[in-house]
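run-v5.cif, holding mmCIF, C-alpha atoms and all ligand atoms:
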```cif
data_start
#
loop_
_atom_site.label_atom_id
_atom_site.label_comp_id
_atom_site.auth_asym_id
_atom_site.auth_seq_id
_atom_site.Cartn_x
_atom_site.Cartn_y
_atom_site.Cartn_z
CA MET A 38 -84.27 87.84 17.51
CA ALA A 39 -82.31 88.16 14.25
CA ALA A 40 -84.15 87.03 11.12
CA PHE A 41 -81.45 84.49 10.37
CA GLN A 42 -79.41 82.28 12.63
CA ALA A 43 -76.45 80.02 11.93
CA PRO A 44 -77.71 76.55 10.91
CA ARG A 45 -78.21 74.04 13.71
CA GLY A 46 -74.95 72.44 14.74
CA THR A 47 -72.77 75.24 13.32
CA GLN A 48 -71.15 78.10 15.15
CA ASP A 49 -69.69 81.52 14.53
CA ILE A 50 -66.16 81.86 15.80
CA LEU A 51 -66.26 85.46 16.94
CA PRO A 52 -63.28 87.81 17.31
CA GLU A 53 -63.39 87.27 21.08
CA ASP A 54 -62.93 83.51 20.56
CA GLN A 55 -60.13 83.89 18.05
CA PRO A 56 -57.21 84.26 20.48
CA TYR A 57 -57.79 80.62 21.51
CA TRP A 58 -57.86 79.51 17.91
CA ARG A 59 -54.75 81.45 17.03
CA HIS A 60 -52.91 80.19 20.09
CA LEU A 61 -53.84 76.57 19.37
CA ARG A 62 -52.99 76.85 15.68
CA GLU A 63 -49.65 78.49 16.43
CA ARG A 64 -48.71 75.78 18.93
CA ILE A 65 -49.64 73.12 16.40
CA VAL A 66 -47.70 74.69 13.53
CA HIS A 67 -44.69 75.11 15.80
CA LEU A 68 -44.81 71.49 16.99
CA CYS A 69 -45.28 70.18 13.46
CA SER A 70 -42.16 72.01 12.40
CA LEU A 71 -40.24 70.55 15.37
CA TYR A 72 -41.18 67.03 14.29
CA GLY A 73 -40.85 67.60 10.55
CA TYR A 74 -44.50 67.57 9.42
CA GLU A 75 -45.43 69.76 6.46
CA PRO A 76 -48.78 71.30 5.60
CA ILE A 77 -51.07 69.83 2.97
CA ASP A 78 -54.55 71.03 1.99
CA THR A 79 -57.14 68.94 0.23
CA PRO A 80 -60.60 69.89 -1.07
CA THR A 81 -63.52 70.35 1.30
CA PHE A 82 -65.58 67.92 -0.77
CA GLU A 83 -64.68 64.70 -2.53
CA ASP A 84 -66.39 62.01 -4.56
CA THR A 85 -68.85 60.30 -2.26
CA ALA A 86 -67.38 56.92 -3.20
CA LEU A 87 -64.04 57.87 -1.64
CA PHE A 88 -65.59 58.07 1.81
CA ALA A 89 -67.95 55.15 1.33
CA ARG A 90 -65.00 52.97 0.32
CA SER A 91 -62.55 54.11 2.99
CA ILE A 92 -64.68 54.72 6.08
CA GLY A 93 -66.92 51.76 5.27
CA GLU A 94 -70.55 51.27 4.25
CA GLY A 95 -71.72 49.91 7.59
CA THR A 96 -70.40 52.80 9.69
CA ASP A 97 -72.51 55.51 11.34
CA ILE A 98 -70.65 58.18 9.42
CA VAL A 99 -71.41 56.77 6.00
CA GLU A 100 -74.88 55.53 6.84
CA LYS A 101 -76.23 58.52 8.69
CA GLU A 102 -73.90 61.47 8.94
CA MET A 103 -72.61 62.48 5.54
CA TYR A 104 -73.58 65.71 3.80
CA THR A 105 -73.96 64.23 0.34
CA PHE A 106 -75.29 66.12 -2.66
CA GLU A 107 -75.44 65.93 -6.39
CA ASP A 108 -73.78 68.80 -8.24
CA LYS A 109 -75.18 70.31 -11.41
CA GLY A 110 -73.17 67.84 -13.47
CA GLY A 111 -74.85 64.89 -11.74
CA ASN A 112 -71.78 63.87 -9.68
CA SER A 113 -72.32 62.64 -6.15
CA LEU A 114 -70.11 64.68 -3.83
CA THR A 115 -69.75 64.70 -0.05
CA LEU A 116 -68.51 67.38 2.33
CA ARG A 117 -65.60 65.69 4.07
CA PRO A 118 -66.59 63.88 7.27
CA GLU A 119 -62.88 63.34 8.09
CA MET A 120 -59.55 64.02 6.40
CA THR A 121 -57.52 60.82 6.25
CA ALA A 122 -59.22 59.48 3.12
CA SER A 123 -58.52 62.74 1.29
CA VAL A 124 -54.87 62.82 2.32
CA VAL A 125 -54.31 59.22 1.25
CA ARG A 126 -56.14 59.93 -2.01
CA ALA A 127 -53.79 62.89 -2.60
CA TYR A 128 -50.76 60.74 -1.71
CA LEU A 129 -51.75 58.18 -4.34
CA GLU A 130 -52.89 60.70 -6.95
CA HIS A 131 -49.62 62.65 -6.81
CA GLY A 132 -47.27 59.67 -6.60
CA MET A 133 -46.00 60.82 -3.21
CA HIS A 134 -44.52 57.37 -2.53
CA THR A 135 -41.42 58.66 -4.36
CA LEU A 136 -40.82 61.14 -1.51
CA ILE A 137 -38.84 60.28 1.59
CA ARG A 138 -41.03 58.04 3.71
CA PRO A 139 -42.87 58.32 5.90
CA VAL A 140 -44.45 61.28 4.18
CA LYS A 141 -45.42 63.45 7.14
CA VAL A 142 -48.18 65.99 6.60
CA TYR A 143 -50.76 67.96 8.52
CA SER A 144 -53.88 69.99 7.75
CA PHE A 145 -56.49 72.19 9.35
CA GLY A 146 -60.03 72.33 8.07
CA SER A 147 -63.78 72.03 8.46
CA ILE A 148 -65.37 68.64 8.93
CA PHE A 149 -69.06 67.95 8.37
CA ARG A 150 -71.16 65.33 10.10
CA TYR A 151 -74.92 65.25 10.43
CA ASP A 152 -74.75 64.41 14.12
CA ARG A 153 -77.04 65.23 17.05
CA PRO A 154 -75.68 68.59 18.22
CA GLN A 155 -74.77 69.11 21.89
CA ALA A 156 -71.97 70.76 23.83
CA GLY A 157 -68.74 69.71 22.12
CA ARG A 158 -70.56 68.04 19.23
CA TYR A 159 -71.39 69.99 16.10
CA ARG A 160 -72.35 69.42 12.50
CA GLU A 161 -69.57 71.57 11.18
CA PHE A 162 -66.42 71.52 13.27
CA HIS A 163 -62.70 71.86 12.69
CA GLN A 164 -59.90 69.38 12.94
CA PHE A 165 -56.16 69.48 13.02
CA ASN A 166 -55.18 66.32 11.18
CA LEU A 167 -51.75 64.70 11.17
CA GLU A 168 -50.63 61.76 9.02
CA ALA A 169 -47.43 59.75 8.48
CA ILE A 170 -47.72 57.61 5.36
CA GLY A 171 -45.49 54.90 3.96
CA GLU A 172 -43.77 53.38 6.98
CA ALA A 173 -44.87 50.44 9.14
CA ASP A 174 -42.28 50.90 11.91
CA PRO A 175 -43.98 51.08 15.34
CA GLY A 176 -41.67 54.02 16.02
CA VAL A 177 -43.97 56.06 13.78
CA ASP A 178 -46.94 55.13 15.98
CA VAL A 179 -44.96 56.32 18.98
CA GLU A 180 -44.08 59.60 17.29
CA ILE A 181 -47.66 60.29 16.21
CA ILE A 182 -48.93 59.71 19.74
CA GLN A 183 -46.05 61.76 21.10
CA VAL A 184 -47.07 64.76 18.98
CA ALA A 185 -50.61 64.64 20.39
CA TRP A 186 -49.30 64.24 23.91
CA HIS A 187 -46.70 66.95 23.50
CA LEU A 188 -49.28 69.34 22.10
CA LEU A 189 -51.78 68.86 24.91
CA SER A 190 -49.18 69.00 27.64
CA SER A 191 -47.53 72.09 26.17
CA LEU A 192 -50.92 73.81 26.18
CA GLY A 193 -50.95 73.22 29.93
CA PHE A 194 -53.68 70.58 30.12
CA ARG A 195 -54.10 68.66 33.34
CA GLY A 196 -55.46 65.15 33.48
CA ILE A 197 -54.86 64.08 29.90
CA GLU A 198 -55.43 60.38 29.42
CA LEU A 199 -54.03 58.38 26.56
CA GLN A 200 -56.34 55.48 25.76
CA LEU A 201 -54.67 52.79 23.71
CA ASN A 202 -55.64 49.56 22.04
CA SER A 203 -54.69 47.31 19.15
CA ILE A 204 -57.35 45.84 16.90
CA GLY A 205 -54.99 43.62 14.91
CA CYS A 206 -54.64 43.21 11.18
CA PRO A 207 -56.66 41.54 8.40
CA GLN A 208 -55.01 38.22 9.37
CA CYS A 209 -55.96 38.16 13.04
CA HIS A 210 -58.80 40.66 13.20
CA PRO A 211 -61.48 38.45 11.58
CA SER A 212 -61.09 35.70 14.16
CA TYR A 213 -61.53 38.31 16.87
CA VAL A 214 -64.69 39.69 15.25
CA GLU A 215 -65.99 36.14 14.87
CA ARG A 216 -65.41 35.54 18.57
CA LEU A 217 -67.11 38.85 19.42
CA VAL A 218 -70.16 38.01 17.31
CA GLU A 219 -70.37 34.58 18.89
CA TYR A 220 -70.20 36.10 22.38
CA TYR A 221 -72.84 38.74 21.67
CA GLY A 222 -74.99 36.18 19.86
CA GLN A 223 -75.30 34.35 23.16
CA HIS A 224 -76.61 37.53 24.81
CA HIS A 225 -78.83 38.77 22.03
CA GLU A 226 -81.89 39.23 24.25
CA ALA A 227 -80.01 41.41 26.71
CA LEU A 228 -78.82 43.88 24.08
CA CYS A 229 -80.35 47.30 23.45
CA GLY A 230 -82.06 47.79 20.08
CA ASP A 231 -79.11 49.67 18.61
CA CYS A 232 -76.73 46.91 19.61
CA GLN A 233 -78.96 44.27 18.06
CA ARG A 234 -78.56 46.15 14.79
CA ARG A 235 -74.83 46.69 15.34
CA LEU A 236 -74.40 42.96 15.77
CA GLU A 237 -75.64 42.52 12.20
CA ARG A 238 -73.85 45.43 10.58
CA ASN A 239 -70.80 46.58 12.51
CA PRO A 240 -70.05 44.35 15.49
CA LEU A 241 -67.03 46.36 16.66
CA ARG A 242 -69.37 49.23 17.45
CA LEU A 243 -70.99 47.06 20.13
CA LEU A 244 -68.06 47.95 22.37
CA ASP A 245 -68.85 51.64 21.92
CA CYS A 246 -72.42 51.47 23.22
CA LYS A 247 -73.28 54.00 25.93
CA ASN A 248 -76.56 52.38 26.95
CA PRO A 249 -76.29 51.33 30.64
CA ARG A 250 -77.89 47.95 30.01
CA CYS A 251 -75.07 46.97 27.64
CA GLN A 252 -72.22 47.95 29.96
CA PRO A 253 -71.78 44.66 31.86
CA LEU A 254 -71.72 42.79 28.55
CA ILE A 255 -69.01 45.09 27.22
CA GLU A 256 -66.93 44.57 30.34
CA ASP A 257 -66.92 40.80 29.82
CA ALA A 258 -66.63 40.87 26.02
CA PRO A 259 -63.62 39.29 24.32
CA ARG A 260 -60.78 41.77 23.91
CA SER A 261 -59.09 42.43 20.60
CA SER A 262 -55.67 42.59 22.23
CA SER A 263 -56.05 38.93 23.28
CA TYR A 264 -56.44 37.87 19.64
CA LEU A 265 -53.39 39.53 18.08
CA ASP A 266 -51.15 37.38 15.92
CA ASP A 267 -47.41 37.37 16.61
CA SER A 268 -46.51 40.30 14.40
CA CYS A 269 -49.37 42.49 15.69
CA GLN A 270 -48.42 41.60 19.26
CA GLU A 271 -44.80 42.49 18.57
CA HIS A 272 -45.88 45.78 17.02
CA PHE A 273 -48.13 46.62 19.95
CA ASP A 274 -45.40 45.77 22.46
CA ALA A 275 -42.98 48.03 20.60
CA VAL A 276 -45.45 50.90 20.65
CA ARG A 277 -45.98 50.50 24.38
CA HIS A 278 -42.25 50.24 24.96
CA GLY A 279 -41.67 53.49 23.06
CA LEU A 280 -44.34 55.26 25.10
CA GLU A 281 -42.74 54.00 28.29
CA MET A 282 -39.38 55.34 27.13
CA LEU A 283 -41.01 58.73 26.67
CA GLU A 284 -42.81 58.41 30.00
CA VAL A 285 -46.16 58.84 28.33
CA PRO A 286 -48.60 56.97 30.58
CA HIS A 287 -51.37 55.10 28.83
CA ALA A 288 -54.43 53.11 29.73
CA LEU A 289 -55.21 49.97 27.79
CA ASN A 290 -58.78 50.39 26.71
CA HIS A 291 -60.26 47.29 25.15
CA ARG A 292 -63.46 49.15 24.31
CA LEU A 293 -61.58 51.51 22.05
CA VAL A 294 -62.09 50.21 18.53
CA ARG A 295 -62.86 53.42 16.61
CA GLY A 296 -65.79 53.45 14.27
CA LEU A 297 -64.10 53.49 10.89
CA ASP A 298 -63.41 50.44 8.79
CA TYR A 299 -59.89 51.34 7.78
CA TYR A 300 -58.15 51.06 11.14
CA THR A 301 -55.58 48.32 11.75
CA ARG A 302 -53.36 47.62 14.75
CA THR A 303 -52.79 50.72 16.92
CA VAL A 304 -55.81 52.85 17.81
CA PHE A 305 -55.80 55.60 20.39
CA GLU A 306 -57.61 58.59 21.82
CA MET A 307 -56.63 61.41 24.14
CA TRP A 308 -59.18 62.39 26.73
CA ALA A 309 -59.19 65.69 28.56
CA GLU A 310 -60.57 66.23 32.01
CA GLY A 311 -63.50 68.56 32.50
CA ILE A 312 -65.49 68.44 29.26
CA GLY A 313 -67.95 65.75 30.25
CA ALA A 314 -69.34 63.13 27.92
CA GLN A 315 -67.48 64.33 24.83
CA SER A 316 -64.12 63.95 26.52
CA ALA A 317 -62.10 62.79 23.51
CA VAL A 318 -60.15 65.70 22.11
CA CYS A 319 -58.29 63.61 19.58
CA GLY A 320 -58.32 60.15 18.11
CA GLY A 321 -56.55 58.16 15.48
CA GLY A 322 -54.76 55.02 14.54
CA ARG A 323 -53.00 52.97 11.95
CA TYR A 324 -54.59 52.30 8.56
CA ASP A 325 -52.23 49.93 6.80
CA GLY A 326 -54.84 48.68 4.32
CA LEU A 327 -56.37 52.01 3.32
CA ALA A 328 -54.16 52.92 0.36
CA GLU A 329 -54.77 49.52 -1.19
CA GLU A 330 -58.50 49.85 -0.58
CA LEU A 331 -58.34 53.08 -2.58
CA GLY A 332 -56.62 51.36 -5.48
CA GLY A 333 -52.98 52.04 -4.58
CA LYS A 334 -50.06 49.80 -3.69
CA PRO A 335 -49.98 48.44 -0.13
CA THR A 336 -48.89 51.45 1.94
CA PRO A 337 -48.91 51.58 5.71
CA GLY A 338 -50.00 54.77 7.42
CA ILE A 339 -51.02 56.24 10.73
CA GLY A 340 -52.52 59.51 11.87
CA PHE A 341 -54.88 61.29 14.18
CA ALA A 342 -57.34 64.16 14.19
CA LEU A 343 -57.78 66.63 16.98
CA GLY A 344 -61.07 68.50 17.36
CA MET A 345 -60.28 72.22 17.56
CA GLU A 346 -63.60 73.25 19.18
CA ARG A 347 -63.41 70.49 21.74
CA THR A 348 -59.82 71.28 22.60
CA ILE A 349 -60.70 74.94 23.08
CA LEU A 350 -63.71 73.98 25.17
CA ALA A 351 -61.42 71.92 27.36
CA MET A 352 -58.87 74.76 27.56
CA ARG A 353 -61.60 77.08 28.79
CA LYS A 354 -62.97 74.52 31.25
CA GLN A 355 -59.51 74.01 32.67
CA GLY A 356 -58.95 77.76 32.89
CA LEU A 357 -56.08 77.78 30.38
CA VAL A 358 -55.89 81.29 29.02
CA ALA A 359 -55.02 82.23 25.51
CA PRO A 360 -52.82 85.25 24.87
CA SER A 361 -54.67 88.51 24.33
CA PRO A 362 -55.85 89.41 20.84
CA LEU A 363 -53.39 90.96 18.41
CA ARG A 364 -54.36 94.61 18.34
CA PRO A 365 -52.57 97.69 17.05
CA PRO A 366 -50.65 99.37 19.87
CA VAL A 367 -51.27 102.80 18.40
CA PHE A 368 -54.51 104.76 18.00
CA LEU A 369 -54.65 107.78 15.75
CA ALA A 370 -56.94 110.61 16.81
CA THR A 371 -57.41 113.52 14.42
CA LEU A 372 -59.27 116.79 14.74
CA GLY A 373 -60.40 118.55 11.57
CA PRO A 374 -60.18 117.74 7.85
CA GLU A 375 -56.57 118.79 7.35
CA ALA A 376 -55.38 116.72 10.25
CA ARG A 377 -57.40 113.82 8.90
CA ASP A 378 -55.51 114.02 5.58
CA ALA A 379 -52.16 114.24 7.32
CA GLY A 380 -53.20 111.39 9.63
CA LEU A 381 -54.07 109.19 6.68
CA LYS A 382 -50.51 109.59 5.44
CA LEU A 383 -48.89 109.16 8.83
CA ALA A 384 -50.81 105.96 9.60
CA HIS A 385 -49.83 104.54 6.22
CA ALA A 386 -46.18 105.39 6.82
CA LEU A 387 -46.23 103.77 10.27
CA ARG A 388 -47.87 100.60 9.01
CA LYS A 389 -45.26 100.35 6.25
CA GLU A 390 -42.70 100.39 9.06
CA GLY A 391 -44.54 97.54 10.75
CA ILE A 392 -46.24 99.57 13.47
CA GLY A 393 -49.94 98.75 13.88
CA VAL A 394 -52.26 101.75 13.87
CA ARG A 395 -55.99 101.96 14.32
CA SER A 396 -57.49 105.16 12.91
CA SER A 397 -60.54 106.91 14.26
CA PHE A 398 -63.42 107.63 11.92
CA GLY A 399 -66.37 109.96 12.07
CA ARG A 400 -66.35 113.34 13.73
CA ARG A 401 -65.87 112.63 17.40
CA GLY A 402 -64.27 115.06 19.79
CA LEU A 403 -60.87 114.32 21.29
CA LYS A 404 -62.26 112.91 24.53
CA ALA A 405 -64.45 110.42 22.72
CA GLN A 406 -61.57 109.37 20.49
CA LEU A 407 -59.30 108.76 23.47
CA ARG A 408 -62.04 106.73 25.11
CA GLN A 409 -62.04 104.52 22.01
CA ALA A 410 -58.26 104.26 22.13
CA ASN A 411 -58.50 102.96 25.70
CA LYS A 412 -61.24 100.51 24.81
CA PHE A 413 -59.14 99.04 22.02
CA GLY A 414 -56.33 98.56 24.48
CA ALA A 415 -53.88 100.81 22.59
CA SER A 416 -50.67 101.79 24.39
CA TYR A 417 -50.25 105.13 22.62
CA ALA A 418 -52.58 107.65 21.08
CA LEU A 419 -51.29 109.98 18.37
CA ILE A 420 -53.17 113.23 18.47
CA MET A 421 -53.17 115.49 15.42
CA GLY A 422 -54.94 118.83 15.31
CA ASP A 423 -54.38 122.05 13.39
CA ALA A 424 -51.95 123.46 15.95
CA GLU A 425 -49.68 120.40 15.73
CA LEU A 426 -49.90 120.34 11.97
CA GLN A 427 -48.65 123.89 11.68
CA VAL A 428 -45.42 122.99 13.41
CA ASN A 429 -45.27 119.57 11.78
CA LYS A 430 -45.57 117.72 15.09
CA VAL A 431 -47.78 115.11 16.67
CA VAL A 432 -48.81 114.76 20.30
CA VAL A 433 -48.03 111.27 21.52
CA ARG A 434 -49.91 110.22 24.62
CA ALA A 435 -48.96 107.19 26.70
CA LEU A 436 -52.44 106.04 27.59
CA ALA A 437 -51.76 104.08 30.74
CA ARG A 438 -49.80 106.88 32.40
CA GLY A 439 -51.71 109.75 30.81
CA GLU A 440 -48.42 111.52 30.00
CA GLN A 441 -47.91 113.16 26.64
CA GLU A 442 -45.27 114.95 24.62
CA GLU A 443 -44.85 116.52 21.20
CA VAL A 444 -42.80 114.57 18.68
CA PRO A 445 -41.74 115.85 15.24
CA MET A 446 -43.72 114.08 12.52
CA ALA A 447 -40.59 112.61 10.92
CA GLU A 448 -39.52 111.02 14.21
CA VAL A 449 -42.81 109.45 15.26
CA ALA A 450 -41.95 106.04 13.83
CA SER A 451 -38.58 105.73 15.55
CA TRP A 452 -40.00 107.22 18.79
CA LEU A 453 -42.73 104.56 18.83
CA ARG A 454 -40.45 101.74 17.79
CA GLN A 455 -38.08 102.40 20.66
CA ARG A 456 -40.88 102.29 23.18
CA LEU A 457 -42.91 99.45 21.70
CA ASN A 458 -39.94 97.11 21.64
P1 LIG A 501 -63.05 61.24 15.07
O1 LIG A 501 -62.63 61.44 13.66
O2 LIG A 501 -64.52 60.99 15.24
O3 LIG A 501 -62.21 60.31 15.85
O4 LIG A 501 -62.82 62.65 15.75
C1 LIG A 501 -61.56 63.14 16.09
C2 LIG A 501 -61.79 64.31 16.98
O5 LIG A 501 -62.62 65.28 16.35
C3 LIG A 501 -62.56 63.97 18.26
O6 LIG A 501 -61.69 63.52 19.26
C4 LIG A 501 -63.21 65.28 18.60
O7 LIG A 501 -62.30 66.13 19.29
C5 LIG A 501 -63.50 65.88 17.26
N1 LIG A 501 -64.90 65.62 16.87
C6 LIG A 501 -65.43 64.49 16.34
N2 LIG A 501 -66.73 64.65 16.08
C7 LIG A 501 -67.05 65.90 16.44
C8 LIG A 501 -68.23 66.69 16.41
N3 LIG A 501 -69.38 66.20 15.91
N4 LIG A 501 -68.18 67.96 16.88
C9 LIG A 501 -67.03 68.48 17.36
N5 LIG A 501 -65.88 67.79 17.41
C10 LIG A 501 -65.87 66.53 16.96
#
```

Translate the structure of the given file into structure tokens.
Ligand code: AMP
Amino acid sequence: MAAFQAPRGTQDILPEDQPYWRHLRERIVHLCSLYGYEPIDTPTFEDTALFARSIGEGTDIVEKEMYTFEDKGGNSLTLRPEMTASVVRAYLEHGMHTLIRPVKVYSFGSIFRYDRPQAGRYREFHQFNLEAIGEADPGVDVEIIQVAWHLLSSLGFRGIELQLNSIGCPQCHPSYVERLVEYYGQHHEALCGDCQRRLERNPLRLLDCKNPRCQPLIEDAPRSSSYLDDSCQEHFDAVRHGLEMLEVPHALNHRLVRGLDYYTRTVFEMWAEGIGAQSAVCGGGRYDGLAEELGGKPTPGIGFALGMERTILAMRKQGLVAPSPLRPPVFLATLGPEARDAGLKLAHALRKEGIGVRSSFGRRGLKAQLRQANKFGASYALIMGDAELQVNKVVVRALARGEQEEVPMAEVASWLRQRLN
């Protein structure tokens, strides 16, 4: 066993895994450009208070899962446990309200949560995060959900489920929570230990409990969507109408409340078939009060985050293949020191022309070098030895067919380009 291993809950993303990552990232970037979302990057760590304030003191993330540390200057910093707070912070800090709204941005990055690791759940993982800030129109909710749906369906997923709910706004939400607390108060004895604590600290989380003994209580619990005020109801109806127009099927899920304090109105998740307990590949919702909570002017917003690892896990489980790795189509085999020098120059010239070349190193014989060329999946091997050098030619071998011919050095690039295109 190696002396060191990656820390618990982290993973190496090896070259063999990378085609999935590249494929997923490329699809995302392409879709974002189709819908008019632009990239934004924020720091990997922020002031701890930013997360405590936005996500909420009573939440699992803030209470138990943050990687918080003091830097050498005595500042309390936290590795980001999600991205929305950072993006809204950046929006406020840079006066982005002056841009055309909604301001539509996306990011990729590492997320850190001190969670109990298992398949599909890690301590460092990666999210694609999408936000639309500055517009309350339910059409934005529809578009955000549409992007997630479009992405997963264009990747070829089967059995995607959109889970949807509305948790209301600061006007109607408190009366719902009050009703929920009252209901659970009547069943205090029947609750699991965790839920007894949740009832005190974060009652919405009661609906999230996985303990079998709490399931019947959750089924009969009051539903947030029954407590919406008129404007929240109208908003929710408009979102559902938009989804129907787009023929995006959705399930109303009254248990879906999301664990963060900042959510208002629309909340949703996408579930993918085949990855077991951790079936949510993405989740998000509206956060109309967040900017104000962070000291800005009232600014509506909505977004979601998609777990990259979990999406790739689901792609693999569903047998969705990623394109093959990007590898140079040409392998350069040289025999002898003079050929090596000439090969160095030729490879450089080809790469400048945009033709990928992998050079051989060491002092292997021709057979061994061609074996390598095959292993790397090259289409052509360039073979340079003293005899070829003398006449200023290169042997070009089409590896699959095993045919070869001599090509003048000056014509190698155009010869290859014709065939590679
Ligand atoms: P959340 O911010 O918890 O709603 O997470 C959004 C998405 O990130 C989820 O749907 C998952 O795909 C992914 N995710 C959340 N937590 C983890 C984790 N601990 N490990 C891997 N992926 C995660």

* With a distance cut-off of 10 Å and only C-alpha atoms, select the neighbouring residues of Leu116 in chain A, excluding the residue or stretch itself and same-chain residues fewer than 6 positions from it, and output the selection as number ranges by chain. => A: 80-85, 88, 103-106, 147-150, 161

At most 10 Å is the cut-off: for each residue in chain A with any atom that close to an atom of ligand LIG 501 (chain A), write down the nearest atom pair and the distance in Å rounded to one decimal, counting only C-alpha atoms and all ligand atoms, chain first then increasing number, as a tab-separated table.
```
residue	atom	partner	partner_atom	distance
A:Gly46	CA	A:LIG501	N4	8.4
A:Thr47	CA	A:LIG501	N4	9.3
A:Ile98	CA	A:LIG501	O2	8.9
A:Glu102	CA	A:LIG501	N3	9.6
A:Pro118	CA	A:LIG501	O1	7.9
A:Glu119	CA	A:LIG501	O1	5.9
A:Met120	CA	A:LIG501	O1	8.3
A:Thr121	CA	A:LIG501	O1	9.0
A:Ile148	CA	A:LIG501	C7	8.2
A:Phe149	CA	A:LIG501	N3	7.7
A:Arg150	CA	A:LIG501	N3	6.1
A:Tyr151	CA	A:LIG501	N3	7.9
A:Asp152	CA	A:LIG501	N3	5.9
A:Arg153	CA	A:LIG501	N3	7.8
A:Pro154	CA	A:LIG501	N3	7.1
A:Gln155	CA	A:LIG501	N4	8.4
A:Ala156	CA	A:LIG501	N4	8.4
A:Gly157	CA	A:LIG501	C9	5.2
A:Arg158	CA	A:LIG501	N4	3.3
A:Tyr159	CA	A:LIG501	N4	3.9
A:Arg160	CA	A:LIG501	N3	5.6
A:Glu161	CA	A:LIG501	N4	6.9
A:Phe162	CA	A:LIG501	C9	5.1
A:His163	CA	A:LIG501	N5	7.0
A:Gln164	CA	A:LIG501	O5	6.0
A:Phe165	CA	A:LIG501	O5	8.4
A:Asn166	CA	A:LIG501	C1	8.7
A:Arg295	CA	A:LIG501	O3	7.0
A:Gly296	CA	A:LIG501	O2	7.7
A:Leu297	CA	A:LIG501	O1	8.5
A:Phe305	CA	A:LIG501	O3	9.2
A:Glu306	CA	A:LIG501	O6	6.9
A:Met307	CA	A:LIG501	O6	7.3
A:Trp308	CA	A:LIG501	O6	8.0
A:Ala309	CA	A:LIG501	O7	9.8
A:Gln315	CA	A:LIG501	C4	7.6
A:Ser316	CA	A:LIG501	O6	7.7
A:Ala317	CA	A:LIG501	O6	4.3
A:Val318	CA	A:LIG501	O7	3.6
A:Cys319	CA	A:LIG501	O6	3.4
A:Gly320	CA	A:LIG501	O3	4.5
A:Gly321	CA	A:LIG501	O3	6.1
A:Gly322	CA	A:LIG501	O3	9.2
A:Phe341	CA	A:LIG501	C1	7.2
A:Ala342	CA	A:LIG501	C1	4.7
A:Leu343	CA	A:LIG501	C2	4.6
A:Gly344	CA	A:LIG501	O7	3.3
A:Met345	CA	A:LIG501	O7	6.6
A:Glu346	CA	A:LIG501	C9	6.2
A:Arg347	CA	A:LIG501	O7	5.1
A:Thr348	CA	A:LIG501	O7	6.6
A:Ile349	CA	A:LIG501	O7	9.7
A:Leu350	CA	A:LIG501	O7	9.9
A:Ala351	CA	A:LIG501	O7	10.0
```

* Asked: Pick the closest to Gly340 in chain A from A:Leu228, A:Ile197, A:Val285, A:Val304: which is it, counting only C-alpha atoms?
  ->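 Looking at the shortest contact to Gly340 in chain A, the residue is A:Val304.
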
* **Computed interatomic separation between CA of Ala435 in chain A and CA of Ser416 in chain A (Å)** => 6.1 Å

* Between A:Ala418, A:Gly311, A:Ala258, A:Ala227, which has the minimum distance to Lys404 in chain A (counting only C-alpha atoms)? -> A:Ala418

* To do: Name the residues in contact with range 189-192 of chain A at a cut-off of 8 Å, using all atoms listed in the file, excluding same-chain residues fewer than 6 positions from it; report them as a PyMOL selection string.
  => chain A and resi 61+64+357

* What's the 12 Å shell around Ser212 in chain A, counting all atoms listed in the file, without same-chain residues fewer than 3 positions away, as a ChimeraX atom specification? -> /A:204-209,215-219,259-266
